[in-house]
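See structure below.
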Amino acid sequence: MGEVALTDEQQAALVSLVVRGMARGQATQAQQELADAGLILVKGPVLMPTPAGTELVGSLLRLPDDAPERERIMATFHRFLPVNRQLRDLCTAWQVRPDGSANDHSDENYDADIRDRLDDIDDAVGPLLKRFAEDIPSMGAYRPRLTEALANLDEGDDAWLASPLIDSYHTVWMHLHQELLLTIGMSRKEDEELEERLVAGGGA
Amino acid sequence: MTEWAAPVDDVGLVPFGRGFERGLDARSLCTRGVQLETLAGLGLPVGAGLTIPVPNVPGFTSPDRAKAAMNLLETISGRQISSTTDTGGLVLLRLSASAPVEAAGLPPDLVCLGLKRSVIPDGLGARARTSLGAAWWKAASFIAEHALGVPGDELGMLDIDHPDPVERIEPFKRLCEEHGSAPFPTKRSQQVAAGAQAMIERWNSPRAARARRKQNLPADLPLALHLETVIVTEHDDEGHGYATSRNAETGAFEPNGRFRHGFRLSGERQLEGHPLDALPGGVEMLTGVLAELEGRLGSVVTVDFEFGPDGLALVGLEEQRRPSARVATSLAVDLVIRGINDEQRAVASTDPVHVVELLHPQPRLSGDEVALVSGLGASPGAAVGRIALDSETAVEMAERGDPVILVMSETTPGDLPGMMAAAGILTANGGSASHAAVVARGMGRPAICGASGLRMDTQARTLAAGTHVLSEGDVISIDGASGVAYVGELTIARPSPSPSLTTLLSWADDGRRLGVRANADNAVDATAAVDNGAEGIGLCRTEHMFLGDRLPFVRAVLLSHDGDAEERALAELARAQREDFRELLAAIGDRPVTVRLLDAPMHEFLPTSADELDDEHQARMLEHLHEENPMLGVRGVRLALMHEGLYPAQVEGLFQAWVDVVSADEGRPQLEVMVPLVSIPDELVMTLRLIRRVNQEVSSRTGMLIPFSIGTMVETPRAALMADRLAQWAEFLSFGTNDLTQLTYGFSRDDVERRMLGTYLEKGLLTASPFAELDPDGVGALIETAVARGRSVRPDIKLGICGEHGGDPSSIALCERLGLDYVSASPSRIPVARLAAAHARTGRSPAEAVS
C-alpha cells in the first residue's frame, strides 16, 4: 500500500469511513476520489470501505511496536476497557430489562437510573480521553461528539443513547474504541479477551 | 419540604426495624428504612444499622451528630468501629441514602468510611486490602468532589496515574489541600459528616435534579440516610449476595441468586458470583423468607443478604415492580393456590397487554428439526434466511430479495450495512453486551451471540458446527429467545399459552360476560383461535377466496357480456367456495361462524393493464367500471345487487360445505351469514331473499335442513341509525368499527395515519388513534344508539364487534359498557381479549388490583 499517496482530506475521509464502517448519502469529493482509487465502495446511497481501504487505514493508524508512547497508551487502554464494559452493559440494560424482556421505556424510574449511571461512565471516560489525546491527537474529537449525543439524549430523544443508525452515545463510543484498536493494532477478539481478564480482576 | 417532613419533631436516630413503632413512615424513613421495617416486622434477621430520618439529615453534617450515630451503632451491633473481628475482619461504616419513593439519581453508597487517618491497616489479607482500597477510593473521591469541591477530572487523572489505590492516598490528600475547600478529614466522625454533606450536595446537583425530572418526581424530594457496619474480610464464611424468589425463565417459585465472599463494595447488586446452592449454611432459610415475603407483599421479591459466623442477616428488599409476563402469571396463580389471593383478583392483577409478550412468534418445533448450534439468545424474535458470511455478501443477497442470516465470528461497526440488510444475526463470539447484540436489539433484529460451536471458513465460504457443514447461501433458522439455530427453514408461529396462563384465562372466562370470538378466514387460523379459547368465529372474510386462481372467474362475472360465461364462472366459484368453507367449518366444530359475504372494493379484482384483457368489450367495461373512490363505491352488498349471482354462489358453497361437514360427522357449525356495507334496510331484505332461495335449493337437493341466521355489518352511520329497521330482518348486528370510524370521522384511514395522526396526537387533538382505540364519544354514541334501537325491535338480537378493536383492552371495556354480546379479535389476541373482557366486567384494572 506504500504507493498510495493520499491528501490530508482524503486520508481523513477514509479513516472516518473505516472507523464508522459505513456512511449514507451523496459521496463528497474526497470520498469519490477514494472510490475511484478502489478504497471505497459506493452502493447506491451507502458508502463502505473496500478491504484495501480498510487495510490502508490500518497501516496508517497503527503505532509501530517500538513507538515510545505505546506503553503509555496501553496503560490507559487497560483503564479504558473496564469502562467500556460498563458502557456495553449499560446499553444492554437500556435495551433489555434484567428479566430478559425488551425495555419498552415506559418505566421512568428504570430509564432515569440508566441515564444517571451514564453520567458515571461519561465522568470516567473524560480523563481517559484527555490522556489518550496527549499521544493520539484525533482522540480529542470524541469528547465533544459524546457530549453532543448526551445533549441530544437529554432533549428527550431516547435514540441518542444506543441507536446504531445515528451518532448516538454508543455509536460514537464504538468509533472511538475502533480507532483505538486500529491504533494499537489489536484485533477485536484479543480486545474482548483482554477486557474479560481486566473485568474479572486478573490483570493483563 | 413540608410535604415530606416527618410528623415528629425530633425522631433522633432510628435503629433498623424500630421506625414504625415510633410512628414513622416512608416520608421520613424512606424506601430503605421501610424495607428494613418490613423485614424486621416479619421477625426476620436484619443487619445492624440505623436510619437518619428525613428531618434530621441536615443536622447530620455536623461531626457531633455523626459521632452520636457511630456510638449508637456500636451499641446496636456490639462491635467497635475500626476494631478487628475474631475472624480478622475490620469493622467499618457504610453510609447510604434513599428517598421516600423509589428514585433514580440517588448518591452512591459510601463504603468503608471510618478508616483511621485514611490508612489501610497492614493486618488485612491481600484480597481484602485491594477491595478496601477500591471502596475507600470511591468514597473518598466522592467526598472530595462533592463536599470539598475538588474537580472530578483532577480526581480522574489521579486515578489513571496511580493504578494502585494504596499509592493514590498521599497524592489524593495533597490534591484536596490544593484544590479543595478543606483538607480531607482525618477524624472518623468528620469523614461520616463530610460523607453526608457530599450526598446532600450531589442530591441537589443538576444531575440528580434531571433524574427526578425524568421520573416526574418533585424537585424537593428529600433524602434519608442509613448508617451500617461493614466488615472488611476475606474469610470464606463471610460474604454477601442476593436471592430472587422466582425463576425468570419459567416463572416458577425457585429461589435463585448469587453470593460472593468478602464485603459489598457498592449498593448495586453484583450479579456475578457463586450459585446459592453452594451457600454456607444452605438456602432453606432464604427459601422460607422469600415464600413468606411473596405471600405478604403479593409480588416477586429479591432480598440482599450478608452472612458470617453469626448467621444470615437481611440488608435489602426489593419488590419487582414489573415482572415478566411469565413470572407474573405464575405468581398470580400460585398466590391463589396458596389461598392468599382469590381468582378474580388474580385475573385483575394480570395486564392483558403484557400477556401478548408470552405469545411472541417463535419457531414451531416438531422434534424433527435439526439443531445447528446454540448460543446466547441475545435479541428476541425468530428469523429464517440464507447464510451470509460477511457484511458485503449479506447486502448483496438482501438486494436480490433473499432473507439473510448474517453469520460472523463477531461484528464491528464496519458490519453495520450487513446487519441492517439481515433478517437475523448469529455470532460465534461475544455475549449479551457485545456489539452484535446491542446493535441487533437496537434494530429489532433477532440475534444469537456467542455460539462458540461455530467455525467459519471464509475462504471456502462454509460454516461448520458439530457434524454439520453448511455453505454460504444455505437456509438456516434462528431463535433469538432460546439461542438455538437450526438447519433449514422452520415455521415461525406463535406459541400456545403456558399452563399458568391457561389457568388464569379459565378464571377470566368465569368472570366475564362478553363473548370472545376470532377473526379467521381459513382452517389454520380457526384452529389457532379455538386453541386460544375463542368461542367461535366472529368474522370470516371471504375476499381472499376470490384471488389467485379464482380471479379469472370473478373477472368473468364482472366483465362478461355473455350470460352463459357468467353462469359457468359462478358455478366454478360456488365449487371453489365449497372447498374453502369445508375445511374452515370442520375446524370450528359446533361453534358459531359468522361468514361475511364479499366486501372488497371492485378494483381489487379488476385487471390493471390492457395485457390482461381478453377483448375490446372488456376494455370498454373496465373503463366503465373505473371508480374515483372505490372504498365508497360499488362494494359489499352494492356489488352483490349489481351482480345478483355473486352472493348466491357464495352461500351455495357455504351451505354445501355445511352439509359435507355434518354428513361426515365433523361437527355442526352454527352458520351466521353476514351482509356487508348495508345502509338501506331494503338492501338487506333483497339479499335475504336471494340467500333463502339458495338455502331451500340446497336443502331440497341434499335432503337436509340447513339452519342459518342472517345479520348485517354496521359500518355506516346510517346503518347504525337505522338499526331498528335492520333488526326487523337481522338476527344479529356486527359493528365493523374500522369503516364505522372512517365514516364517522370522515377519515380515510391510510391517508390520515400516514400524514396527520402523528401531528394530531402531538397537538393533543386526539389522545389515541381512533383506529387502535375505539372512540367512545362519537363512534361509541352511534353504537349505543344502534344497540338501543336494535333491541327495541328484537330484544334478543345478538350484537358484537369485529375488526382490530376487538383485541384492544380499552375498546373491549367500551363494548362492555355498551352492552354488546361479544367481541371478535385476531386469533393471537384472543387471550388478551379474554382477560380484558374479565377486567371490563369487574371494572378493575391491573393497577387498581395491586394497590
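Chain labels run A, B, ... following the order of the C-alpha cells; each chain numbers its residues from 1, and ligands are numbered from 1 in the order shown.
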- Neighbour list for stretch 459-473 of chain B as a PyMOL selection string, cut-off 7 Å, only C-alpha atoms, skip fewer than 4 positions in-chain: chain B and resi 372-373+386-389+453-455
- Message: If we count only C-alpha atoms and set the cut-off at 10 Å, which residues sit around A:Asp116, ignoring sequence neighbours fewer than 3 positions away in its own chain? Please answer as a PyMOL selection string.
- Response: (chain A and resi 110-113+119-121) or (chain B and resi 104-106+207-208+210-211)
I need the chosen residues saved as an mmCIF file, in the first residue's frame, with all heavy atoms.
data_model
loop_
_atom_site.group_PDB
_atom_site.id
_atom_site.type_symbol
_atom_site.label_atom_id
_atom_site.label_comp_id
_atom_site.auth_asym_id
_atom_site.auth_seq_id
_atom_site.Cartn_x
_atom_site.Cartn_y
_atom_site.Cartn_z
ATOM 1 N N TYR A 110 -36.698 3.233 35.844
ATOM 2 C CA TYR A 110 -35.659 2.380 35.257
ATOM 3 C C TYR A 110 -34.813 3.180 34.266
ATOM 4 O O TYR A 110 -33.588 3.155 34.321
ATOM 5 C CB TYR A 110 -36.333 1.195 34.561
ATOM 6 C CG TYR A 110 -35.376 0.196 33.961
ATOM 7 C CD1 TYR A 110 -34.797 -0.794 34.743
ATOM 8 C CD2 TYR A 110 -35.048 0.239 32.610
ATOM 9 C CE1 TYR A 110 -33.917 -1.719 34.194
ATOM 10 C CE2 TYR A 110 -34.173 -0.671 32.052
ATOM 11 C CZ TYR A 110 -33.610 -1.651 32.854
ATOM 12 O OH TYR A 110 -32.739 -2.557 32.302
ATOM 13 N N ASP A 111 -35.472 3.904 33.380
ATOM 14 C CA ASP A 111 -34.733 4.671 32.376
ATOM 15 C C ASP A 111 -33.921 5.800 33.019
ATOM 16 O O ASP A 111 -32.796 6.064 32.610
ATOM 17 C CB ASP A 111 -35.703 5.259 31.335
ATOM 18 C CG ASP A 111 -36.097 4.216 30.299
ATOM 19 O OD1 ASP A 111 -35.689 3.047 30.446
ATOM 20 O OD2 ASP A 111 -36.819 4.575 29.352
ATOM 21 N N ALA A 112 -34.511 6.460 34.014
ATOM 22 C CA ALA A 112 -33.797 7.565 34.665
ATOM 23 C C ALA A 112 -32.545 7.047 35.367
ATOM 24 O O ALA A 112 -31.509 7.707 35.390
ATOM 25 C CB ALA A 112 -34.710 8.274 35.664
ATOM 26 N N ASP A 113 -32.633 5.842 35.914
ATOM 27 C CA ASP A 113 -31.473 5.254 36.584
ATOM 28 C C ASP A 113 -30.356 4.985 35.573
ATOM 29 O O ASP A 113 -29.185 5.261 35.834
ATOM 30 C CB ASP A 113 -31.897 3.962 37.284
ATOM 31 C CG ASP A 113 -30.740 3.326 38.029
ATOM 32 O OD1 ASP A 113 -30.108 4.034 38.832
ATOM 33 O OD2 ASP A 113 -30.438 2.145 37.789
ATOM 34 N N ASP A 119 -23.866 9.037 33.345
ATOM 35 C CA ASP A 119 -23.007 10.137 33.789
ATOM 36 C C ASP A 119 -21.743 9.619 34.473
ATOM 37 O O ASP A 119 -20.674 10.205 34.343
ATOM 38 C CB ASP A 119 -23.770 11.056 34.749
ATOM 39 C CG ASP A 119 -24.427 12.222 34.009
ATOM 40 O OD1 ASP A 119 -24.447 12.170 32.757
ATOM 41 O OD2 ASP A 119 -24.910 13.156 34.662
ATOM 42 N N ASP A 120 -21.866 8.526 35.230
ATOM 43 C CA ASP A 120 -20.668 7.950 35.855
ATOM 44 C C ASP A 120 -19.672 7.513 34.777
ATOM 45 O O ASP A 120 -18.466 7.715 34.899
ATOM 46 C CB ASP A 120 -21.044 6.730 36.712
ATOM 47 C CG ASP A 120 -21.779 7.139 37.988
ATOM 48 O OD1 ASP A 120 -21.555 8.270 38.460
ATOM 49 O OD2 ASP A 120 -22.574 6.324 38.493
ATOM 50 N N ILE A 121 -20.215 6.882 33.734
ATOM 51 C CA ILE A 121 -19.354 6.398 32.653
ATOM 52 C C ILE A 121 -18.736 7.579 31.919
ATOM 53 O O ILE A 121 -17.546 7.590 31.612
ATOM 54 C CB ILE A 121 -20.184 5.508 31.696
ATOM 55 C CG1 ILE A 121 -20.560 4.218 32.425
ATOM 56 C CG2 ILE A 121 -19.428 5.222 30.419
ATOM 57 C CD1 ILE A 121 -21.561 3.358 31.696
ATOM 58 N N ALA B 104 -34.428 7.250 40.933
ATOM 59 C CA ALA B 104 -33.097 7.156 40.337
ATOM 60 C C ALA B 104 -32.355 8.442 40.669
ATOM 61 O O ALA B 104 -32.972 9.438 41.039
ATOM 62 C CB ALA B 104 -33.206 6.975 38.838
ATOM 63 N N GLY B 105 -31.026 8.407 40.540
ATOM 64 C CA GLY B 105 -30.245 9.603 40.792
ATOM 65 C C GLY B 105 -29.774 9.740 42.229
ATOM 66 O O GLY B 105 -29.233 10.779 42.612
ATOM 67 N N LEU B 106 -29.975 8.680 43.026
ATOM 68 C CA LEU B 106 -29.506 8.733 44.414
ATOM 69 C C LEU B 106 -27.988 8.705 44.439
ATOM 70 O O LEU B 106 -27.353 8.119 43.569
ATOM 71 C CB LEU B 106 -30.035 7.521 45.191
ATOM 72 C CG LEU B 106 -31.528 7.535 45.511
ATOM 73 C CD1 LEU B 106 -31.956 6.168 46.022
ATOM 74 C CD2 LEU B 106 -31.839 8.614 46.551
ATOM 75 N N ARG B 207 -27.443 17.032 37.983
ATOM 76 C CA ARG B 207 -27.572 15.651 37.530
ATOM 77 C C ARG B 207 -28.737 14.957 38.231
ATOM 78 O O ARG B 207 -29.574 14.310 37.592
ATOM 79 C CB ARG B 207 -26.257 14.920 37.804
ATOM 80 C CG ARG B 207 -26.364 13.423 37.664
ATOM 81 C CD ARG B 207 -25.021 12.761 37.925
ATOM 82 N NE ARG B 207 -25.199 11.319 37.998
ATOM 83 C CZ ARG B 207 -24.203 10.459 38.128
ATOM 84 N NH1 ARG B 207 -22.954 10.895 38.217
ATOM 85 N NH2 ARG B 207 -24.454 9.175 38.185
ATOM 86 N N ALA B 208 -28.788 15.073 39.565
ATOM 87 C CA ALA B 208 -29.855 14.410 40.312
ATOM 88 C C ALA B 208 -31.194 15.087 40.045
ATOM 89 O O ALA B 208 -32.240 14.425 39.983
ATOM 90 C CB ALA B 208 -29.536 14.427 41.797
ATOM 91 N N ARG B 210 -32.085 16.374 37.248
ATOM 92 C CA ARG B 210 -32.539 15.853 35.952
ATOM 93 C C ARG B 210 -33.202 14.482 36.132
ATOM 94 O O ARG B 210 -34.241 14.189 35.547
ATOM 95 C CB ARG B 210 -31.349 15.735 34.998
ATOM 96 C CG ARG B 210 -31.721 15.206 33.628
ATOM 97 C CD ARG B 210 -30.492 14.745 32.855
ATOM 98 N NE ARG B 210 -29.809 13.693 33.571
ATOM 99 C CZ ARG B 210 -28.490 13.509 33.570
ATOM 100 N NH1 ARG B 210 -27.731 14.303 32.870
ATOM 101 N NH2 ARG B 210 -27.953 12.530 34.253
ATOM 102 N N ALA B 211 -32.559 13.654 36.975
ATOM 103 C CA ALA B 211 -33.122 12.310 37.194
ATOM 104 C C ALA B 211 -34.522 12.418 37.794
ATOM 105 O O ALA B 211 -35.432 11.687 37.398
ATOM 106 C CB ALA B 211 -32.197 11.507 38.101
#
- Message: Set the distance at 12 Å and use only C-alpha atoms: which residues neighbour A:Val172 once local chain neighbours fewer than 2 positions away are removed? I'd like the list as a ChimeraX atom specification.
- Response: /A:16,19-21,87,139,141-150,160-170,174-179 /B:413
Generate a file of the selected residues that holds C-alpha atoms, formatted as a CSV table (one decimal), in the first residue's frame.
chain,number,residue,atom,x,y,z
A,16,SER,CA,-13.5,8.3,9.2
A,19,VAL,CA,-13.9,3.8,11.8
A,20,ARG,CA,-17.6,4.3,11.2
A,21,GLY,CA,-17.9,1.3,8.9
A,87,LEU,CA,-20.9,1.2,28.8
A,139,MET,CA,-9.0,11.2,20.1
A,141,ALA,CA,-12.5,14.9,18.8
A,142,TYR,CA,-14.6,12.3,20.6
A,143,ARG,CA,-15.2,14.4,23.8
A,144,PRO,CA,-17.5,16.9,22.0
A,145,ARG,CA,-19.2,14.2,20.0
A,146,LEU,CA,-20.1,12.3,23.2
A,147,THR,CA,-21.2,15.5,24.8
A,148,GLU,CA,-23.4,16.2,21.8
A,149,ALA,CA,-25.0,12.8,22.0
A,150,LEU,CA,-25.7,13.3,25.7
A,160,TRP,CA,-29.4,9.1,21.2
A,161,LEU,CA,-28.3,6.5,23.7
A,162,ALA,CA,-27.8,3.4,21.7
A,163,SER,CA,-29.3,3.6,18.3
A,164,PRO,CA,-26.9,2.2,15.7
A,165,LEU,CA,-28.4,4.4,13.0
A,166,ILE,CA,-27.3,7.8,14.3
A,167,ASP,CA,-24.2,9.2,16.1
A,168,SER,CA,-25.7,8.1,19.4
A,169,TYR,CA,-23.5,7.8,22.5
A,170,HIS,CA,-23.0,4.1,21.8
A,174,MET,CA,-17.8,2.3,19.2
A,175,HIS,CA,-16.0,4.6,16.8
A,176,LEU,CA,-13.5,5.7,19.4
A,177,HIS,CA,-13.0,2.2,20.5
A,178,GLN,CA,-12.5,1.1,16.9
A,179,GLU,CA,-9.9,3.9,16.3
B,413,PRO,CA,-19.2,-1.1,13.3
- Message: Tell me as a list in words which residues belonging to chain B come within 6 Å of chain A, counting only C-alpha atoms.
- Response: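 Here is what falls inside 6 Å: Ala104, Gly105, Asp153, Gly156, Met157, Ala211, Lys214, Gln215, Ala248, Pro413, Gly414, Ala433, Val439 and Gly442 of chain B.
Summary of the local environment: counting only C-alpha atoms, residues at most 10 Å from A:Ile136, other than itself and those fewer than 6 positions away along its chain, are Leu61, Leu63, Glu69, Ile73, Leu129, Lys130, Glu179, Leu180 and Thr183 of chain A.
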Can I get the selected residues back with N, CA and C atoms, as an mmCIF file, in the first residue's frame?
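The new file out-v6.cif reads:
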data_model
loop_
_atom_site.group_PDB
_atom_site.id
_atom_site.type_symbol
_atom_site.label_atom_id
_atom_site.label_comp_id
_atom_site.auth_asym_id
_atom_site.auth_seq_id
_atom_site.Cartn_x
_atom_site.Cartn_y
_atom_site.Cartn_z
ATOM 1 N N LEU A 61 -2.890 4.141 10.727
ATOM 2 C CA LEU A 61 -3.109 4.475 12.127
ATOM 3 C C LEU A 61 -2.192 3.705 13.070
ATOM 4 N N LEU A 63 0.340 2.200 15.411
ATOM 5 C CA LEU A 63 1.592 2.657 16.022
ATOM 6 C C LEU A 63 2.657 1.599 15.828
ATOM 7 N N GLU A 69 5.458 6.072 22.843
ATOM 8 C CA GLU A 69 4.213 6.333 23.560
ATOM 9 C C GLU A 69 3.354 5.078 23.729
ATOM 10 N N ILE A 73 0.039 4.516 26.165
ATOM 11 C CA ILE A 73 -1.295 4.332 25.581
ATOM 12 C C ILE A 73 -1.905 3.015 26.077
ATOM 13 N N LEU A 129 -9.915 10.074 27.841
ATOM 14 C CA LEU A 129 -9.779 10.680 26.508
ATOM 15 C C LEU A 129 -8.703 11.753 26.511
ATOM 16 N N LYS A 130 -8.631 12.503 27.621
ATOM 17 C CA LYS A 130 -7.585 13.532 27.740
ATOM 18 C C LYS A 130 -6.204 12.887 27.640
ATOM 19 N N GLU A 179 -11.144 3.149 16.672
ATOM 20 C CA GLU A 179 -9.937 3.907 16.327
ATOM 21 C C GLU A 179 -8.784 3.513 17.250
ATOM 22 N N LEU A 180 -9.107 3.288 18.525
ATOM 23 C CA LEU A 180 -8.062 2.853 19.458
ATOM 24 C C LEU A 180 -7.489 1.501 19.032
ATOM 25 N N THR A 183 -5.274 1.820 16.162
ATOM 26 C CA THR A 183 -4.030 2.497 16.533
ATOM 27 C C THR A 183 -3.064 1.548 17.233
#
- Quick one: of A:Leu153, A:Leu194, A:Leu56, A:Ala27, who's nearest to A:Val42, counting only C-alpha atoms? A:Ala27
Report as an mmCIF file with C-alpha atoms, in the first residue's frame all protein, DNA and RNA residues lying within 10 Å of B:Gly298, evaluated on only C-alpha atoms, omitting residues in the same chain fewer than 2 positions from it.
data_model
loop_
_atom_site.group_PDB
_atom_site.id
_atom_site.type_symbol
_atom_site.label_atom_id
_atom_site.label_comp_id
_atom_site.auth_asym_id
_atom_site.auth_seq_id
_atom_site.Cartn_x
_atom_site.Cartn_y
_atom_site.Cartn_z
ATOM 1 C CA GLU B 292 -43.162 -15.501 53.340
ATOM 2 C CA LEU B 293 -42.391 -12.210 51.608
ATOM 3 C CA GLU B 294 -44.169 -13.180 48.383
ATOM 4 C CA GLY B 295 -47.256 -14.046 50.387
ATOM 5 C CA ARG B 296 -47.185 -10.824 52.410
ATOM 6 C CA VAL B 300 -41.895 -11.242 43.212
ATOM 7 C CA VAL B 301 -39.187 -10.302 45.685
ATOM 8 C CA GLU B 319 -40.303 -5.891 45.144
ATOM 9 C CA LEU B 331 -47.094 -15.742 40.762
ATOM 10 C CA ALA B 332 -50.749 -14.801 40.340
ATOM 11 C CA LEU B 335 -50.933 -16.943 45.282
ATOM 12 C CA ILE B 340 -53.586 -15.760 49.691
ATOM 13 C CA ASN B 341 -55.493 -14.272 46.791
ATOM 14 C CA VAL B 850 -52.296 -4.219 43.027
#
- Task: Would you list the contacts of B:Trp507 as a PyMOL selection string, taking every protein, DNA or RNA residue within 9 Å and counting only C-alpha atoms, but skipping same-chain residues closer than 5 positions in sequence?
- Result: chain B and resi 343-344+346-347+502+512+835+838
Include N, CA, C and O atoms and write out the residues we just selected as a CSV table (one decimal), in the first residue's frame.
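Saved result, part_28.csv, follows:
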chain,number,residue,atom,x,y,z
B,343,GLU,N,-59.4,-15.8,42.9
B,343,GLU,CA,-59.2,-16.0,41.4
B,343,GLU,C,-59.4,-14.7,40.7
B,343,GLU,O,-58.6,-14.3,39.8
B,344,GLN,N,-60.5,-14.0,41.0
B,344,GLN,CA,-60.8,-12.8,40.2
B,344,GLN,C,-59.8,-11.6,40.5
B,344,GLN,O,-59.5,-10.8,39.6
B,346,ALA,N,-56.7,-12.3,41.1
B,346,ALA,CA,-55.5,-12.7,40.3
B,346,ALA,C,-55.7,-12.3,38.8
B,346,ALA,O,-54.8,-11.8,38.2
B,347,VAL,N,-56.9,-12.5,38.3
B,347,VAL,CA,-57.2,-12.1,36.9
B,347,VAL,C,-57.0,-10.6,36.8
B,347,VAL,O,-56.3,-10.1,35.9
B,502,THR,N,-53.0,-20.5,31.0
B,502,THR,CA,-54.2,-21.2,30.7
B,502,THR,C,-55.2,-21.2,31.9
B,502,THR,O,-56.4,-21.0,31.8
B,512,ARG,N,-66.1,-13.2,33.1
B,512,ARG,CA,-66.5,-12.2,32.0
B,512,ARG,C,-67.9,-12.5,31.5
B,512,ARG,O,-68.4,-13.6,31.7
B,835,LEU,N,-58.9,-11.9,28.9
B,835,LEU,CA,-58.6,-11.2,30.1
B,835,LEU,C,-59.2,-9.8,30.2
B,835,LEU,O,-59.8,-9.4,31.2
B,838,ALA,N,-62.8,-9.9,31.1
B,838,ALA,CA,-63.0,-10.1,32.5
B,838,ALA,C,-62.8,-8.8,33.3
B,838,ALA,O,-63.5,-8.4,34.2
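Residues in contact with B:Ser189 at up to 7 Å, not including ones fewer than 5 positions away on its chain and judged by only C-alpha atoms, are Pro63, Ala66 and Lys67 of chain B.
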Dump of all heavy atoms for the selected residues, as a PDB file, in the first residue's frame:
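Below you can see result.pdb, which holds the result:
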ATOM      1  N   PRO B  63     -20.179  16.900  62.747  1.00  0.00           N
ATOM      2  CA  PRO B  63     -19.435  15.739  63.257  1.00  0.00           C
ATOM      3  C   PRO B  63     -19.978  15.245  64.603  1.00  0.00           C
ATOM      4  O   PRO B  63     -19.899  14.040  64.874  1.00  0.00           O
ATOM      5  CB  PRO B  63     -18.006  16.266  63.395  1.00  0.00           C
ATOM      6  CG  PRO B  63     -17.927  17.398  62.418  1.00  0.00           C
ATOM      7  CD  PRO B  63     -19.286  18.017  62.399  1.00  0.00           C
ATOM      8  N   ALA B  66     -22.779  12.924  63.853  1.00  0.00           N
ATOM      9  CA  ALA B  66     -22.211  11.717  63.269  1.00  0.00           C
ATOM     10  C   ALA B  66     -21.596  10.843  64.355  1.00  0.00           C
ATOM     11  O   ALA B  66     -21.752   9.618  64.366  1.00  0.00           O
ATOM     12  CB  ALA B  66     -21.168  12.080  62.210  1.00  0.00           C
ATOM     13  N   LYS B  67     -20.935  11.498  65.299  1.00  0.00           N
ATOM     14  CA  LYS B  67     -20.289  10.751  66.392  1.00  0.00           C
ATOM     15  C   LYS B  67     -21.359  10.029  67.224  1.00  0.00           C
ATOM     16  O   LYS B  67     -21.201   8.854  67.585  1.00  0.00           O
ATOM     17  CB  LYS B  67     -19.505  11.749  67.263  1.00  0.00           C
ATOM     18  CG  LYS B  67     -18.781  11.123  68.440  1.00  0.00           C
ATOM     19  CD  LYS B  67     -17.557  10.352  67.959  1.00  0.00           C
ATOM     20  CE  LYS B  67     -16.968   9.514  69.089  1.00  0.00           C
ATOM     21  NZ  LYS B  67     -16.280   8.311  68.606  1.00  0.00           N
TER      22      LYS B  67
END
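Atom CA of B:Leu740 is found 13.9 Å from atom CA of B:Met722.
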- Which of stretch 5-201 of chain A fall in alpha helix (DSSP H), as a PyMOL selection string: chain A and resi 8-20+29-36+51-61+70-95+108-135+142-154+159-162+169-184+188-199
- Task: Could you tell me, as an NGL selection string, which residues of stretch 184-380 of chain B DSSP assigns to strand (DSSP E or B) when given the backbone?
- Result: :B and (224-232 or 239-246 or 253-261 or 274-275 or 301-308 or 311-319 or 362-363 or 370-374 or 376-379)
